[in-house]
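The structure appears right after this line, and notes come after that.
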Amino acid sequence: MLNRASEATDMLKEHIEKDSVIRIISHNDADGISAAAVIANALAEENVQFHTTIIPRLKEDIVNQLRSEKYDLFIFSDMGSPFIKEFNTYKHDVIVADHHQVDGTDSESNVVHLNPHLFGIDGSKDLCGAGSSYLAIRDLDKKHLAYFALIGAFGDMQGQDGFTGVNKLIVDDALESGVLEVHEGLKIVSKASEPIFKSLAYTFSPPLPKISGDLDGAREFLERMNLSYGIKFTDMEDEEKDLLKDALISINPDIFGDCYTVPKEVPLLRDLEEYSYILDACGKNKKQGLGLSIALGERDQALDAALRLQRQYRDQIVKGLEWVKKEGAEQLNSIQYLYSEDKILKSVMGTIASIGLSVELLDDSKPVLGLSRLHKDIKISGRTTRDMVAKGVNLGKALQDSSNNFGGTGGGHDIAAGAMIPFESKDNFLHLVDEMVEYQLTND
């Protein structure tokens with residue numbers, strides 16, 4: 001894979017020498033924004049001009065529209081692998097730095113396709129989109145930018161149990177560059193910016209059952225230990241911190257572990273997992289440009305705006321989890337699904353599907369689909385567990401094949417995937433996915 005990464009860097013170097021203006025297209029989640037950021041920061045350091053667009057999904061009409069744009073090099077980061085056939089017919093050079101499942105199309109000489117799945121590496125666990133993007137610029141002597149790949153990995157839930165595979169190599173690069181530090185600590189969010197009860201309630205990974213997503217539950221938990229819930233974690237006495245640490249470890253031992261920090265950063269962005277949550281909140285609120293500008297070095301007002309979005313987004317998640325607790329999921333034989341036309345719930349459906357599984361609000365023996373209606377279409381976010389993947393579930397394949405039957409699009413990873421289908425196909429689509437997952441489980 002590193003040889004393929006060198007091919008990408010060689011293509012990039014060629015265009016840097018030619019003084020080309022480079023076109024970057026990336027996804028709008030934390031991984032996609034980090035992927036665009038690692039490339040854009042590398043190009044800015046080389047004094048190369050670039051034009052970046054962050055989008056929610058790559059569709060055929062966008063691929064065809066880009067074909068006519070007057071750029072010599074296109075870089076698709078955290079997306080692009082399903083469109084290799086189309087890129088092969090571009091008159092321009094193309095680098096695809098992705099980690100989603102591939103369809104087996106070989107790339108022509110104008111396309112460098114960098115994807116872990118091509119080399120038998122798991123793109124849902126061992127390398128993210130920002131990781132692939134980092135590898136494409138690594139040979140430009142850019143190890144000091146490796147930490148952006150780790151922000152992307154946290155955004156894609158890859159670093160929570162420690163980094164594995166190619167991600168481990170990226171951690172080593174970041175440590176070697178002197179930018180990254182790793183130390184043991186409590187993995188709770190917003191230690192310096194929120195009262196401790198909110199820090200606990202907003203900590204979803206690792207999950208704290210009966211506390212994550214539950215403000216009242218977090219308050220009661222602290223009150224039982226005679227700890228003040230209104231102060232920030234950073235303002236607590238050492239003795240109180242130790243008491244809290246022991247109590248949280250008894251709920252989930254994973255809450256204490258390696259924390260990855262960039263000490264030179266401002267306090268809000270110092271912890272890489274926290275950084276990924278801020279980028280994610282920007283993307284989820286359609287302010288992906290704000291997220292990218294922060295990753296390119298803007299602070300002050302940009303960070304204030306992002307923090308407001310993050311608070312609003314977390315409140316929406318808490319509301320969503322309360323709804324899941326009250327309503328539960330609709331059950332089919334082999335899958336379960338969440339559906340609402342409520343505006344706030346729709347905006348966090350994929351997130352509450354994922355968190356609902358991890359905090360035990362949903363049955364973790366069935367994959368969950370979160371459905372949101374967008375006018376005449378339905379957007380689907382699918383999530384399952386590593387245990388279910390080990391038993392044969394491949395959500396990326398199930399959603400891709402099912403959505404194709406209804407003139408939609410879909411795909412992703414075995415553990416997390418998405419799709420878009422016409423609204424009138426909703427029920428038939430759900431039953432087809434149900435049958436496909438049942439087939440995967442019985443024929444593994």
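Numbering starts fresh at 1 for the residues of each chain in the structure tokens, the chains themselves are lettered A, B, ... in the order given, and ligands are numbered from 1 as they appear.
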Give me the residues within 12 Å of Arg67 of chain A as a PDB file with N, CA, C and O atoms, in the first residue's frame, counting only C-alpha atoms and dropping any in the same chain fewer than 4 places off.
ATOM      1  N   ARG A  23      -7.615  20.475  -7.542  1.00  0.00           N
ATOM      2  CA  ARG A  23      -9.030  20.398  -7.128  1.00  0.00           C
ATOM      3  C   ARG A  23      -9.194  19.297  -6.086  1.00  0.00           C
ATOM      4  O   ARG A  23      -8.841  18.136  -6.358  1.00  0.00           O
ATOM      5  N   GLU A  60     -23.282  10.586  -9.365  1.00  0.00           N
ATOM      6  CA  GLU A  60     -22.868  10.540 -10.774  1.00  0.00           C
ATOM      7  C   GLU A  60     -22.909  11.907 -11.450  1.00  0.00           C
ATOM      8  O   GLU A  60     -22.025  12.260 -12.227  1.00  0.00           O
ATOM      9  N   ASP A  61     -23.955  12.701 -11.127  1.00  0.00           N
ATOM     10  CA  ASP A  61     -24.048  14.013 -11.787  1.00  0.00           C
ATOM     11  C   ASP A  61     -22.882  14.924 -11.391  1.00  0.00           C
ATOM     12  O   ASP A  61     -22.384  15.702 -12.206  1.00  0.00           O
ATOM     13  N   ILE A  62     -22.406  14.804 -10.139  1.00  0.00           N
ATOM     14  CA  ILE A  62     -21.256  15.615  -9.701  1.00  0.00           C
ATOM     15  C   ILE A  62     -19.991  15.137 -10.424  1.00  0.00           C
ATOM     16  O   ILE A  62     -19.191  15.953 -10.901  1.00  0.00           O
ATOM     17  N   VAL A  63     -19.841  13.807 -10.534  1.00  0.00           N
ATOM     18  CA  VAL A  63     -18.676  13.238 -11.231  1.00  0.00           C
ATOM     19  C   VAL A  63     -18.637  13.734 -12.674  1.00  0.00           C
ATOM     20  O   VAL A  63     -17.583  14.112 -13.196  1.00  0.00           O
ATOM     21  N   TYR A  71      -9.149  21.735 -14.500  1.00  0.00           N
ATOM     22  CA  TYR A  71      -8.058  21.470 -13.557  1.00  0.00           C
ATOM     23  C   TYR A  71      -7.241  20.303 -14.094  1.00  0.00           C
ATOM     24  O   TYR A  71      -7.783  19.417 -14.766  1.00  0.00           O
ATOM     25  N   ASP A  72      -5.950  20.282 -13.785  1.00  0.00           N
ATOM     26  CA  ASP A  72      -5.099  19.195 -14.284  1.00  0.00           C
ATOM     27  C   ASP A  72      -5.080  17.997 -13.343  1.00  0.00           C
ATOM     28  O   ASP A  72      -4.774  16.884 -13.743  1.00  0.00           O
ATOM     29  N   LEU A  73      -5.369  18.255 -12.045  1.00  0.00           N
ATOM     30  CA  LEU A  73      -5.373  17.164 -11.068  1.00  0.00           C
ATOM     31  C   LEU A  73      -6.566  17.292 -10.134  1.00  0.00           C
ATOM     32  O   LEU A  73      -6.815  18.356  -9.565  1.00  0.00           O
ATOM     33  N   PHE A  74      -7.315  16.190  -9.989  1.00  0.00           N
ATOM     34  CA  PHE A  74      -8.424  16.093  -9.042  1.00  0.00           C
ATOM     35  C   PHE A  74      -8.021  15.124  -7.933  1.00  0.00           C
ATOM     36  O   PHE A  74      -7.492  14.044  -8.219  1.00  0.00           O
ATOM     37  N   GLU A  86     -15.584   5.772 -14.069  1.00  0.00           N
ATOM     38  CA  GLU A  86     -15.813   7.112 -14.629  1.00  0.00           C
ATOM     39  C   GLU A  86     -14.516   7.931 -14.657  1.00  0.00           C
ATOM     40  O   GLU A  86     -14.229   8.622 -15.637  1.00  0.00           O
ATOM     41  N   PHE A  87     -13.724   7.841 -13.577  1.00  0.00           N
ATOM     42  CA  PHE A  87     -12.470   8.616 -13.524  1.00  0.00           C
ATOM     43  C   PHE A  87     -11.491   8.154 -14.600  1.00  0.00           C
ATOM     44  O   PHE A  87     -10.681   8.939 -15.091  1.00  0.00           O
ATOM     45  N   ASN A  88     -11.565   6.855 -14.960  1.00  0.00           N
ATOM     46  CA  ASN A  88     -10.691   6.325 -16.013  1.00  0.00           C
ATOM     47  C   ASN A  88     -10.888   7.065 -17.339  1.00  0.00           C
ATOM     48  O   ASN A  88      -9.994   7.102 -18.176  1.00  0.00           O
ATOM     49  N   THR A  89     -12.078   7.661 -17.519  1.00  0.00           N
ATOM     50  CA  THR A  89     -12.374   8.348 -18.790  1.00  0.00           C
ATOM     51  C   THR A  89     -12.118   9.860 -18.698  1.00  0.00           C
ATOM     52  O   THR A  89     -12.348  10.579 -19.662  1.00  0.00           O
ATOM     53  N   TYR A  90     -11.667  10.331 -17.511  1.00  0.00           N
ATOM     54  CA  TYR A  90     -11.314  11.757 -17.374  1.00  0.00           C
ATOM     55  C   TYR A  90     -10.095  12.057 -18.246  1.00  0.00           C
ATOM     56  O   TYR A  90      -9.217  11.202 -18.414  1.00  0.00           O
ATOM     57  N   LYS A  91     -10.021  13.277 -18.735  1.00  0.00           N
ATOM     58  CA  LYS A  91      -8.821  13.705 -19.471  1.00  0.00           C
ATOM     59  C   LYS A  91      -7.755  14.226 -18.492  1.00  0.00           C
ATOM     60  O   LYS A  91      -6.669  14.621 -18.892  1.00  0.00           O
ATOM     61  N   HIS A  92      -8.097  14.293 -17.204  1.00  0.00           N
ATOM     62  CA  HIS A  92      -7.194  14.845 -16.186  1.00  0.00           C
ATOM     63  C   HIS A  92      -6.609  13.705 -15.360  1.00  0.00           C
ATOM     64  O   HIS A  92      -7.088  12.577 -15.400  1.00  0.00           O
ATOM     65  N   ASP A  93      -5.613  14.032 -14.552  1.00  0.00           N
ATOM     66  CA  ASP A  93      -5.104  13.073 -13.566  1.00  0.00           C
ATOM     67  C   ASP A  93      -6.023  13.080 -12.346  1.00  0.00           C
ATOM     68  O   ASP A  93      -6.599  14.121 -11.994  1.00  0.00           O
ATOM     69  N   VAL A  94      -6.143  11.911 -11.711  1.00  0.00           N
ATOM     70  CA  VAL A  94      -7.028  11.764 -10.550  1.00  0.00           C
ATOM     71  C   VAL A  94      -6.327  10.938  -9.472  1.00  0.00           C
ATOM     72  O   VAL A  94      -5.738   9.897  -9.766  1.00  0.00           O
TER      73      VAL A  94
END
Quick one: pick out all helix (DSSP H, G or I) residues within segment 143-223 of chain A from a backbone DSSP run and write them as a ChimeraX atom specification.
/A:143-155,166-176,196-201,215-223
If you take only C-alpha atoms and a cut-off of 9 Å, which residues of segment 203-300 of chain A touch segment 50-57 of chain A, and what are their nearest atom pairs and distances in Å to one decimal, in chain and number order, as CSV?
residue,atom,partner,partner_atom,distance
A:Gly283,CA,A:Pro56,CA,8.6
A:Lys286,CA,A:Pro56,CA,8.9
A:Gln288,CA,A:Ile54,CA,6.6
A:Gly289,CA,A:Ile54,CA,7.4
A:Leu292,CA,A:Ile54,CA,8.8
For segment 29-34 of chain A, work out the shell of residues within 6 Å, counting only C-alpha atoms and skipping chain neighbours fewer than 4 positions away, then give it as number ranges by chain.
A: 78, 130, 148, 152, 155, 276, 279-280, 283, 292
Would you save the residues from that selection as a PDB file, in the first residue's frame, using C-alpha atoms?
ATOM      1  CA  ASP A  78     -12.719   9.945   1.821  1.00  0.00           C
ATOM      2  CA  ALA A 130      -7.909  11.029   6.220  1.00  0.00           C
ATOM      3  CA  PHE A 148      -4.967  15.056  11.036  1.00  0.00           C
ATOM      4  CA  GLY A 152     -10.215  11.502  10.960  1.00  0.00           C
ATOM      5  CA  GLY A 155     -14.234  10.686  13.628  1.00  0.00           C
ATOM      6  CA  SER A 276     -12.898  15.312  15.675  1.00  0.00           C
ATOM      7  CA  LEU A 279     -15.325  18.989  12.999  1.00  0.00           C
ATOM      8  CA  ASP A 280     -18.211  16.506  13.065  1.00  0.00           C
ATOM      9  CA  GLY A 283     -20.274  18.906   9.113  1.00  0.00           C
ATOM     10  CA  LEU A 292     -12.152  23.160   7.192  1.00  0.00           C
TER      11      LEU A 292
END
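If you measure from each of A:Ala153, A:Val437, A:Val266, A:Leu321 to Ser365 of chain A using only C-alpha atoms, the closest one turns out to be A:Val437.
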Let's see if you can do this: from backbone DSSP, list all strand (DSSP E) residues in segment 299-417 of chain A, as a count of residues only.
27
Nearby residues (only C-alpha atoms) at most 10 Å from Glu46 of chain A, same-chain spacing under 6 positions excluded, as a compact mmCIF listing (two decimals) with N, CA and C atoms, in the first residue's frame:
# COMPACT_ATOMS: atom_id res chain seq x y z
N LYS A 13 3.60 15.50 -6.93
CA LYS A 13 4.84 16.27 -7.14
C LYS A 13 4.91 16.85 -8.55
N ILE A 16 2.77 19.80 -8.66
CA ILE A 16 3.34 20.90 -7.86
C ILE A 16 4.41 21.61 -8.70
N GLU A 17 5.23 20.79 -9.36
CA GLU A 17 6.30 21.37 -10.21
C GLU A 17 5.74 22.16 -11.38
N ALA A 40 -4.87 19.86 1.96
CA ALA A 40 -4.84 21.33 1.78
C ALA A 40 -3.68 21.96 2.55
N LEU A 140 6.11 13.81 0.93
CA LEU A 140 6.53 15.21 0.72
C LEU A 140 7.18 15.74 2.00
Proximity of segment 83-196 of chain A to segment 382-403 of chain A: per-residue shortest pair, 12 Å limit, only C-alpha atoms, as JSON lines:
{"residue": "A:His100", "atom": "CA", "partner": "A:Gly396", "partner_atom": "CA", "distance": 8.6}
{"residue": "A:Gln101", "atom": "CA", "partner": "A:Gly396", "partner_atom": "CA", "distance": 7.3}
{"residue": "A:Val102", "atom": "CA", "partner": "A:Gly396", "partner_atom": "CA", "distance": 10.3}
{"residue": "A:Asp103", "atom": "CA", "partner": "A:Lys397", "partner_atom": "CA", "distance": 10.3}
{"residue": "A:Gly123", "atom": "CA", "partner": "A:Gly396", "partner_atom": "CA", "distance": 11.7}
{"residue": "A:Ser124", "atom": "CA", "partner": "A:Arg386", "partner_atom": "CA", "distance": 10.2}
{"residue": "A:Lys125", "atom": "CA", "partner": "A:Arg386", "partner_atom": "CA", "distance": 10.0}
{"residue": "A:Asp156", "atom": "CA", "partner": "A:Arg383", "partner_atom": "CA", "distance": 12.0}
{"residue": "A:Met157", "atom": "CA", "partner": "A:Arg383", "partner_atom": "CA", "distance": 11.7}
{"residue": "A:Gln158", "atom": "CA", "partner": "A:Arg386", "partner_atom": "CA", "distance": 11.8}
What's the 10 Å shell around Ile75 of chain A, counting only C-alpha atoms, without same-chain residues fewer than 5 positions away, as a ChimeraX atom specification?
/A:8,12,22-26,36,39,52,80,93-97,111-112,133,136
With N, CA, C and O atoms retained, could you export that selection as a short mmCIF file (atom, residue, chain, number, x, y, z; two decimals), in the first residue's frame?
data_model
loop_
_atom_site.label_atom_id
_atom_site.label_comp_id
_atom_site.auth_asym_id
_atom_site.auth_seq_id
_atom_site.Cartn_x
_atom_site.Cartn_y
_atom_site.Cartn_z
N ALA A 8 0.96 8.04 -5.70
CA ALA A 8 0.10 9.23 -5.55
C ALA A 8 0.96 10.47 -5.32
O ALA A 8 0.73 11.52 -5.91
N LEU A 12 1.37 13.87 -7.51
CA LEU A 12 1.18 15.18 -6.87
C LEU A 12 2.40 16.08 -7.11
O LEU A 12 2.26 17.26 -7.47
N ILE A 22 -4.91 22.73 -7.94
CA ILE A 22 -5.38 21.37 -7.66
C ILE A 22 -6.78 21.39 -7.06
O ILE A 22 -7.10 22.22 -6.22
N ARG A 23 -7.62 20.47 -7.54
CA ARG A 23 -9.03 20.40 -7.13
C ARG A 23 -9.19 19.30 -6.09
O ARG A 23 -8.84 18.14 -6.36
N ILE A 24 -9.71 19.65 -4.90
CA ILE A 24 -9.94 18.65 -3.84
C ILE A 24 -11.44 18.52 -3.61
O ILE A 24 -12.14 19.52 -3.43
N ILE A 25 -11.93 17.30 -3.62
CA ILE A 25 -13.35 17.02 -3.31
C ILE A 25 -13.35 16.05 -2.14
O ILE A 25 -12.70 15.00 -2.20
N SER A 26 -14.08 16.39 -1.07
CA SER A 26 -14.04 15.52 0.12
C SER A 26 -15.41 15.43 0.78
O SER A 26 -16.32 16.19 0.46
N ALA A 36 -9.53 16.38 3.76
CA ALA A 36 -9.29 17.58 2.94
C ALA A 36 -8.22 18.45 3.59
O ALA A 36 -7.36 19.02 2.90
N ILE A 39 -4.51 17.29 3.09
CA ILE A 39 -4.02 17.60 1.73
C ILE A 39 -3.86 19.11 1.55
O ILE A 39 -2.83 19.59 1.06
N THR A 52 -11.11 23.68 -2.90
CA THR A 52 -11.69 22.55 -2.15
C THR A 52 -13.22 22.65 -2.09
O THR A 52 -13.76 23.72 -1.84
N GLY A 80 -14.95 8.35 -3.56
CA GLY A 80 -14.46 8.17 -4.93
C GLY A 80 -14.27 6.75 -5.39
O GLY A 80 -14.32 6.47 -6.60
N ASP A 93 -5.61 14.03 -14.55
CA ASP A 93 -5.10 13.07 -13.57
C ASP A 93 -6.02 13.08 -12.35
O ASP A 93 -6.60 14.12 -11.99
N VAL A 94 -6.14 11.91 -11.71
CA VAL A 94 -7.03 11.76 -10.55
C VAL A 94 -6.33 10.94 -9.47
O VAL A 94 -5.74 9.90 -9.77
N ILE A 95 -6.39 11.43 -8.23
CA ILE A 95 -5.97 10.62 -7.08
C ILE A 95 -7.22 10.36 -6.24
O ILE A 95 -7.94 11.30 -5.88
N VAL A 96 -7.50 9.09 -5.98
CA VAL A 96 -8.61 8.73 -5.09
C VAL A 96 -8.00 8.19 -3.81
O VAL A 96 -7.31 7.16 -3.82
N ALA A 97 -8.20 8.90 -2.69
CA ALA A 97 -7.68 8.48 -1.38
C ALA A 97 -8.90 8.16 -0.51
O ALA A 97 -9.45 9.04 0.13
N VAL A 111 -5.21 7.50 -13.20
CA VAL A 111 -5.86 7.41 -11.88
C VAL A 111 -4.98 6.62 -10.91
O VAL A 111 -4.58 5.49 -11.21
N VAL A 112 -4.67 7.22 -9.76
CA VAL A 112 -4.02 6.46 -8.67
C VAL A 112 -5.09 6.21 -7.62
O VAL A 112 -5.64 7.15 -7.03
N SER A 133 -5.50 9.80 2.73
CA SER A 133 -5.09 11.11 2.21
C SER A 133 -3.71 11.50 2.74
O SER A 133 -2.88 12.05 2.01
N ALA A 136 -0.97 9.83 0.90
CA ALA A 136 -0.73 10.42 -0.43
C ALA A 136 0.24 11.60 -0.37
O ALA A 136 0.87 11.92 -1.38
#
Selected residue of minimal separation from Glu194 of chain A among A:Ile121, A:His375, A:Asp216, A:Leu268, counting only C-alpha atoms
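Result for the nearest residue to Glu194 of chain A: A:Leu268.
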Just want the 12 Å neighbourhood of segment 250-257 of chain A, counted on only C-alpha atoms, with same-chain residues fewer than 6 positions away dropped. Output as a PDB file with C-alpha atoms, in the first residue's frame.
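Written out: result.pdb:
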ATOM      1  CA  GLY A 159      -9.144   4.929  17.580  1.00  0.00           C
ATOM      2  CA  GLN A 160     -11.381   4.131  20.529  1.00  0.00           C
ATOM      3  CA  ASP A 161      -9.750   0.775  21.375  1.00  0.00           C
ATOM      4  CA  GLY A 162      -6.244   1.843  20.422  1.00  0.00           C
ATOM      5  CA  VAL A 182       0.132  10.155  24.182  1.00  0.00           C
ATOM      6  CA  HIS A 183      -0.702   9.907  27.899  1.00  0.00           C
ATOM      7  CA  GLU A 184      -3.159   7.977  30.054  1.00  0.00           C
ATOM      8  CA  GLY A 185      -6.239   9.797  31.266  1.00  0.00           C
ATOM      9  CA  LEU A 186     -10.026   9.821  31.559  1.00  0.00           C
ATOM     10  CA  LYS A 187     -11.560   9.822  28.086  1.00  0.00           C
ATOM     11  CA  ILE A 188     -14.423  12.192  28.873  1.00  0.00           C
ATOM     12  CA  VAL A 189     -15.197  15.167  26.640  1.00  0.00           C
ATOM     13  CA  LEU A 200     -20.228  12.820  31.296  1.00  0.00           C
ATOM     14  CA  THR A 203     -19.293  11.235  26.453  1.00  0.00           C
ATOM     15  CA  PHE A 204     -20.548   8.615  24.010  1.00  0.00           C
ATOM     16  CA  SER A 205     -17.307   6.806  23.258  1.00  0.00           C
ATOM     17  CA  PRO A 206     -16.491   4.836  25.294  1.00  0.00           C
ATOM     18  CA  PRO A 207     -20.165   4.543  26.288  1.00  0.00           C
ATOM     19  CA  LEU A 208     -21.300   4.946  29.890  1.00  0.00           C
ATOM     20  CA  PRO A 209     -24.680   3.151  30.184  1.00  0.00           C
ATOM     21  CA  LYS A 210     -27.300   5.206  32.098  1.00  0.00           C
ATOM     22  CA  ILE A 211     -24.993   8.277  31.908  1.00  0.00           C
ATOM     23  CA  SER A 212     -24.108   8.846  28.223  1.00  0.00           C
ATOM     24  CA  PHE A 221     -24.495   9.589  39.426  1.00  0.00           C
ATOM     25  CA  ASP A 242      -9.569   9.993  41.587  1.00  0.00           C
ATOM     26  CA  LEU A 243     -12.954   9.166  43.129  1.00  0.00           C
ATOM     27  CA  LEU A 244     -14.671   9.916  39.815  1.00  0.00           C
ATOM     28  CA  SER A 358     -23.314   1.333  22.209  1.00  0.00           C
ATOM     29  CA  VAL A 359     -25.216   2.583  25.296  1.00  0.00           C
TER      30      VAL A 359
END
